[in-house]
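Visitor: Just so it is clear, I am handing over target.txt, which has compact mmCIF, C-alpha atoms.
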# COMPACT_ATOMS: atom_id res chain seq x y z
CA ALA A 1 8.47 28.26 -92.49
CA LEU A 2 10.03 28.18 -89.02
CA ALA A 3 10.52 31.94 -89.03
CA SER A 4 6.75 32.29 -89.27
CA ILE A 5 6.34 30.51 -85.92
CA SER A 6 7.96 33.32 -83.96
CA PRO A 7 5.35 36.03 -84.69
CA LEU A 8 2.68 33.54 -83.66
CA LEU A 9 4.29 32.56 -80.36
CA LYS A 10 5.71 35.89 -79.22
CA PRO A 11 2.25 37.34 -78.37
CA LEU A 12 1.73 34.47 -75.93
CA PHE A 13 4.57 35.89 -73.83
CA SER A 14 3.66 39.55 -74.29
CA PRO A 15 1.83 39.88 -70.94
CA VAL A 16 5.00 38.91 -69.06
CA ALA A 17 7.91 39.42 -71.45
CA LYS A 18 9.36 42.06 -73.74
CA PHE A 19 11.90 40.62 -76.17
CA SER A 20 15.17 42.25 -77.11
CA TRP A 21 17.10 40.18 -79.66
CA GLN A 22 20.49 41.01 -81.11
CA GLY A 23 22.92 39.21 -83.40
CA GLY A 24 20.43 37.11 -85.34
CA GLU A 25 22.59 37.64 -88.41
CA ASN A 26 25.25 35.46 -86.75
CA ILE A 27 22.96 32.42 -86.89
CA PRO A 28 23.40 30.80 -90.33
CA LYS A 29 20.10 30.25 -92.12
CA THR A 30 21.07 26.76 -93.24
CA GLY A 31 23.68 24.13 -92.51
CA PRO A 32 25.26 22.82 -89.31
CA VAL A 33 25.87 25.19 -86.42
CA ILE A 34 26.81 24.81 -82.76
CA ILE A 35 25.31 27.38 -80.41
CA ALA A 36 26.67 27.68 -76.86
CA ALA A 37 24.73 29.74 -74.33
CA ASN A 38 24.76 30.68 -70.67
CA HIS A 39 22.05 29.08 -68.51
CA ILE A 40 20.04 31.15 -66.01
CA SER A 41 16.51 29.68 -65.89
CA SER A 42 14.40 26.67 -66.78
CA LEU A 43 12.73 28.97 -69.32
CA ASP A 44 15.95 29.28 -71.32
CA PRO A 45 15.28 26.45 -73.82
CA VAL A 46 11.85 27.88 -74.67
CA LEU A 47 13.01 31.47 -75.03
CA LEU A 48 16.23 30.67 -76.86
CA GLY A 49 14.25 28.30 -79.08
CA LEU A 50 11.90 31.15 -79.92
CA PHE A 51 14.85 33.33 -80.87
CA LEU A 52 16.24 30.58 -83.12
CA ALA A 53 12.85 29.95 -84.71
CA HIS A 54 12.79 33.64 -85.62
CA GLN A 55 16.04 33.01 -87.49
CA GLY A 56 14.45 30.04 -89.29
CA ARG A 57 16.26 27.36 -87.29
CA TRP A 58 14.88 24.45 -85.27
CA PRO A 59 16.82 23.94 -82.01
CA HIS A 60 18.34 20.54 -81.19
CA TYR A 61 19.32 20.63 -77.53
CA LEU A 62 21.68 18.45 -75.54
CA ALA A 63 19.49 17.86 -72.48
CA ARG A 64 19.52 15.81 -69.29
CA ALA A 65 18.76 12.14 -70.02
CA ASN A 66 16.30 11.90 -67.12
CA LEU A 67 13.85 13.98 -69.16
CA TRP A 68 13.44 10.93 -71.39
CA GLU A 69 12.07 8.93 -68.42
CA ASN A 70 8.65 10.52 -68.87
CA LYS A 71 6.92 8.58 -71.67
CA LEU A 72 4.98 11.51 -73.08
CA LEU A 73 7.92 13.88 -72.87
CA LYS A 74 10.22 11.24 -74.35
CA LYS A 75 8.02 10.99 -77.44
CA ILE A 76 8.14 14.74 -77.91
CA LEU A 77 11.89 14.89 -77.38
CA VAL A 78 12.60 12.02 -79.76
CA ASN A 79 10.30 13.36 -82.49
CA SER A 80 11.82 16.84 -82.25
CA GLY A 81 15.39 15.54 -82.52
CA GLN A 82 16.64 16.42 -79.04
CA ILE A 83 19.79 14.72 -77.71
CA PRO A 84 19.99 13.02 -74.27
CA VAL A 85 23.06 13.54 -72.08
CA HIS A 86 23.85 10.81 -69.55
CA ARG A 87 25.78 12.84 -67.01
CA ALA A 88 28.56 11.27 -64.97
CA THR A 89 28.18 7.89 -66.71
CA ALA A 90 30.08 5.87 -69.28
CA LYS A 91 27.39 6.85 -71.79
CA ALA A 92 28.15 10.56 -71.51
CA ILE A 93 30.49 10.43 -74.52
CA GLU A 94 27.64 9.01 -76.62
CA SER A 95 25.82 12.34 -76.48
CA LEU A 96 28.69 14.01 -78.35
CA ALA A 97 28.53 11.31 -81.04
CA GLU A 98 24.77 11.89 -81.39
CA ALA A 99 25.31 15.63 -81.52
CA GLU A 100 27.91 15.19 -84.26
CA LYS A 101 25.42 13.08 -86.25
CA SER A 102 22.86 15.84 -85.85
CA LEU A 103 25.36 18.36 -87.21
CA VAL A 104 26.08 16.13 -90.19
CA LYS A 105 22.36 16.37 -90.95
CA GLY A 106 22.73 20.15 -91.09
CA ASN A 107 21.03 20.87 -87.76
CA ALA A 108 21.47 23.63 -85.21
CA VAL A 109 22.80 22.02 -82.02
CA ILE A 110 22.48 23.99 -78.77
CA ILE A 111 24.62 23.34 -75.72
CA TYR A 112 24.68 24.87 -72.26
CA PRO A 113 28.40 24.30 -71.50
CA GLU A 114 27.95 24.89 -67.77
CA GLY A 115 25.94 21.66 -67.68
CA THR A 116 23.22 23.18 -65.49
CA ILE A 117 21.68 26.49 -64.48
CA THR A 118 24.43 28.61 -62.99
CA PHE A 119 25.09 28.33 -59.26
CA ASP A 120 26.98 31.61 -59.29
CA PRO A 121 25.35 33.86 -56.64
CA LEU A 122 25.76 36.71 -59.13
CA GLU A 123 24.28 34.60 -61.96
CA TRP A 124 27.21 34.94 -64.35
CA PRO A 125 28.29 31.90 -66.41
CA MET A 126 30.20 29.34 -64.35
CA ALA A 127 33.36 27.55 -65.43
CA ILE A 128 32.36 25.24 -68.28
CA HIS A 129 32.73 21.59 -69.19
CA VAL A 130 34.88 20.64 -72.19
CA GLY A 131 32.17 18.79 -74.14
CA VAL A 132 31.29 21.73 -76.39
CA ALA A 133 34.95 22.18 -77.34
CA LYS A 134 35.39 18.47 -78.09
CA LEU A 135 32.27 18.48 -80.26
CA ALA A 136 33.32 21.61 -82.15
CA LEU A 137 36.82 20.33 -82.88
CA MET A 138 35.70 16.83 -83.93
CA ALA A 139 32.84 18.18 -86.07
CA LYS A 140 35.10 20.95 -87.40
CA GLN A 141 32.55 23.62 -86.60
CA ASN A 142 33.00 27.06 -85.12
CA VAL A 143 30.71 28.00 -82.21
CA VAL A 144 28.17 30.82 -82.01
CA PRO A 145 28.20 32.25 -78.45
CA VAL A 146 24.94 33.45 -76.91
CA GLY A 147 24.28 35.52 -73.79
CA GLN A 148 20.84 35.63 -72.15
CA TRP A 149 19.31 37.71 -69.38
CA GLY A 150 15.80 38.27 -68.01
CA ALA A 151 14.32 34.79 -67.83
CA ASN A 152 15.88 34.46 -64.36
CA TYR A 153 13.40 37.08 -63.12
CA LEU A 154 10.33 35.51 -64.72
CA LEU A 155 11.22 32.03 -63.50
CA PRO A 156 14.01 32.30 -60.94
CA PRO A 157 16.22 29.26 -60.43
CA ARG A 158 16.37 27.53 -57.04
CA LYS A 159 14.06 30.13 -55.43
CA ILE A 160 16.83 32.72 -55.30
CA ARG A 161 14.15 35.42 -55.62
CA LYS A 162 10.42 35.71 -56.15
CA PRO A 163 9.18 35.87 -59.77
CA SER A 164 8.91 39.48 -60.86
CA LEU A 165 7.30 41.32 -63.75
CA LYS A 166 9.35 44.43 -62.99
CA HIS A 167 12.10 42.94 -65.16
CA ARG A 168 10.09 41.95 -68.24
CA GLU A 169 12.82 42.44 -70.83
CA ILE A 170 14.20 39.16 -72.18
CA ARG A 171 17.53 39.82 -73.85
CA VAL A 172 19.26 37.35 -76.15
CA VAL A 173 22.54 38.38 -77.77
CA ALA A 174 24.25 36.14 -80.33
CA GLY A 175 27.86 36.89 -81.17
CA GLN A 176 30.04 36.19 -84.18
CA PRO A 177 31.23 32.57 -84.42
CA VAL A 178 34.27 31.74 -82.32
CA ASP A 179 37.02 30.79 -84.76
CA LEU A 180 38.44 27.39 -83.81
CA SER A 181 39.65 26.38 -87.28
CA ASP A 182 43.31 26.27 -86.25
CA LEU A 183 42.42 23.61 -83.65
CA PHE A 184 40.23 21.27 -85.73
CA SER A 185 41.18 17.60 -85.41
CA ASP A 186 39.58 14.14 -85.62
CA SER A 187 41.26 13.38 -82.29
CA PRO A 188 41.79 16.70 -80.49
CA ASP A 189 44.38 16.65 -77.72
CA ARG A 190 43.96 18.06 -74.24
CA GLU A 191 45.73 21.33 -75.04
CA SER A 192 43.53 22.00 -78.08
CA VAL A 193 40.35 21.21 -76.14
CA GLY A 194 41.46 23.50 -73.32
CA GLU A 195 42.26 26.36 -75.68
CA ALA A 196 38.94 25.94 -77.54
CA SER A 197 37.06 25.90 -74.22
CA ARG A 198 38.74 29.12 -73.13
CA ARG A 199 37.83 30.87 -76.38
CA ILE A 200 34.23 29.68 -76.18
CA PHE A 201 33.85 30.66 -72.54
CA LYS A 202 35.36 34.10 -73.14
CA ALA A 203 32.86 34.71 -75.95
CA ILE A 204 29.86 33.51 -73.91
CA LEU A 205 30.94 35.71 -71.00
CA ALA A 206 31.23 38.73 -73.30
CA LYS A 207 27.78 38.15 -74.80
CA THR A 208 26.30 37.65 -71.32
CA ALA A 209 27.79 40.99 -70.30
CA ASP A 210 26.16 42.55 -73.38
CA ALA A 211 22.81 40.98 -72.44
CA ARG A 212 23.14 42.19 -68.85
CA ARG A 213 24.46 45.58 -69.97
CA GLU A 214 27.26 45.26 -67.47
CA LEU A 215 31.02 44.92 -67.50
CA ILE A 216 32.64 41.49 -67.69
CA PRO A 217 33.52 40.31 -64.16
CA GLU A 218 37.16 39.77 -63.22
CA THR A 219 36.46 36.31 -61.75
CA VAL A 220 34.06 33.45 -62.50
CA TRP A 221 32.34 30.91 -60.26
CA ASN A 222 33.77 27.41 -60.15
CA HIS A 223 31.02 25.25 -58.65
CA ARG A 224 33.33 22.34 -57.98
CA LYS A 225 35.63 24.56 -55.89
CA LYS A 226 32.72 26.65 -54.55
CA GLN A 227 34.68 29.82 -55.15
CA ARG A 228 35.46 32.46 -57.73
CA VAL A 229 38.48 31.79 -59.94
CA SER A 230 40.44 33.54 -62.64
CA PRO A 231 38.60 33.57 -65.99
CA VAL A 232 41.89 32.59 -67.60
CA GLU A 233 41.13 29.03 -66.46
CA PRO A 234 37.34 28.72 -66.90
CA VAL A 235 37.29 24.97 -67.57
CA ARG A 236 36.22 22.26 -65.11
Any chance you could give the structure as structure tokens?

Guide:
Amino acid sequence: ALASISPLLKPLFSPVAKFSWQGGENIPKTGPVIIAANHISSLDPVLLGLFLAHQGRWPHYLARANLWENKLLKKILVNSGQIPVHRATAKAIESLAEAEKSLVKGNAVIIYPEGTITFDPLEWPMAIHVGVAKLALMAKQNVVPVGQWGANYLLPPRKIRKPSLKHREIRVVAGQPVDLSDLFSDSPDRESVGEASRRIFKAILAKTADARRELIPETVWNHRKKQRVSPVEPVR
């Protein structure tokens, strides 16, 4: 039934967007799945959600908890099974527990591991947080990496450029699941989480390069350090 939503919604975007979707076969039709994507625009949740709906999956996002402060929006978020993230608070760990519960229910859980829209001046994925790796290892789930490109022209982040219809193509590329099975643990240690994070980041970066139709950069942006760093250590 969800797959039937996509043909109905896609025409709404046709005046401003041309969709190019790849790798839909890597999204399982049923059962739990963690999807980790790069983040380039406030439109990402809508456009990635449309891609997932086309695969027959309803997206369950980990999203900023302040979105729940709006009463109307809170009702929508709660009823649609979205998961609040209390950043930089003692409650932050609770979001992973809620995400794990959602996976147990057989849902598709979507995470933007960067934690926000990229600050990289070149708009590549930034160094990521470890939450997605912790969730994957505790839930014993591999991670489907996704790269996106195009939404940042329709709705540019932080006014880095004016909206443009010259770049109408919205590309979403889903890769094969990142195999983390050798690292699964009820209580993953720091080394396992770090290794899982590196594998996940490497896969997201590769899929983003595919979506951009460019080569993978030699360095990545670390927002905390405000500089480019080696992709060998993409965790913050």

Visitor: Counting only C-alpha atoms, which residue out of A:Leu135, A:Leu48, A:Leu73, A:Ile117 sits closest to Ala97 (chain A)?

Guide: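 Smallest distance to Ala97 (chain A) is found for A:Leu135.
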
Visitor: List the residues sitting within 10 Å of (39.2, 16.7, -83.6) in the file's frame, using all atoms listed in the file, as a PyMOL selection string.

Guide: chain A and resi 133-140+183-189+192-193

Visitor: So that I can see what lies close to region 199-213 of chain A, please list as a PyMOL selection string the residues with an atom at most 8 Å from it, counting only C-alpha atoms and leaving out residues fewer than 5 positions away in the same chain.

Guide: chain A and resi 36-38+124-125+127-128+133+143+145-149+171-175+178+231+234

Visitor: Counting only C-alpha atoms, which of A:Lys159, A:Ile216, A:Leu50, A:Gln82 gets nearest to Pro11 (chain A)?

Guide: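 Once distances to Pro11 (chain A) are computed over only C-alpha atoms, the minimum belongs to A:Leu50.
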
Visitor: Find, counting all atoms listed in the file, the residue in A:Ile35, A:Gly81, A:Ile76, A:Ile111 that gets nearest to Leu62 (chain A).

Guide: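 The closest residue to Leu62 (chain A) is A:Ile111.
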
Visitor: Quick one, how far is CA of Pro121 (chain A) from CA of His60 (chain A)?

Guide: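 CA of His60 (chain A) lies 28.8 Å from CA of Pro121 (chain A).
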
Visitor: Quick one: residues within 10 Å of Val104 (chain A), all atoms listed in the file, excluding same-chain residues fewer than 5 positions away - as a VMD selection string?

Guide: chain A and resid 31 to 33 98 to 99 139

Visitor: Write the residues of the selection above to a file with C-alpha atoms, as a short mmCIF file (atom, residue, chain, number, x, y, z; two decimals), in the frame of the given file.

Guide:
data_model
loop_
_atom_site.label_atom_id
_atom_site.label_comp_id
_atom_site.auth_asym_id
_atom_site.auth_seq_id
_atom_site.Cartn_x
_atom_site.Cartn_y
_atom_site.Cartn_z
CA GLY A 31 23.68 24.13 -92.51
CA PRO A 32 25.26 22.82 -89.31
CA VAL A 33 25.87 25.19 -86.42
CA GLU A 98 24.77 11.89 -81.39
CA ALA A 99 25.31 15.63 -81.52
CA ALA A 139 32.84 18.18 -86.07
#

Visitor: Pick the closest to His167 (chain A) from A:Leu180, A:Ala196, A:Ala63, A:Ala151: which is it, counting all atoms listed in the file?

Guide: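 Of A:Leu180, A:Ala196, A:Ala63, A:Ala151, the one nearest His167 (chain A) is A:Ala151, counting all atoms listed in the file.
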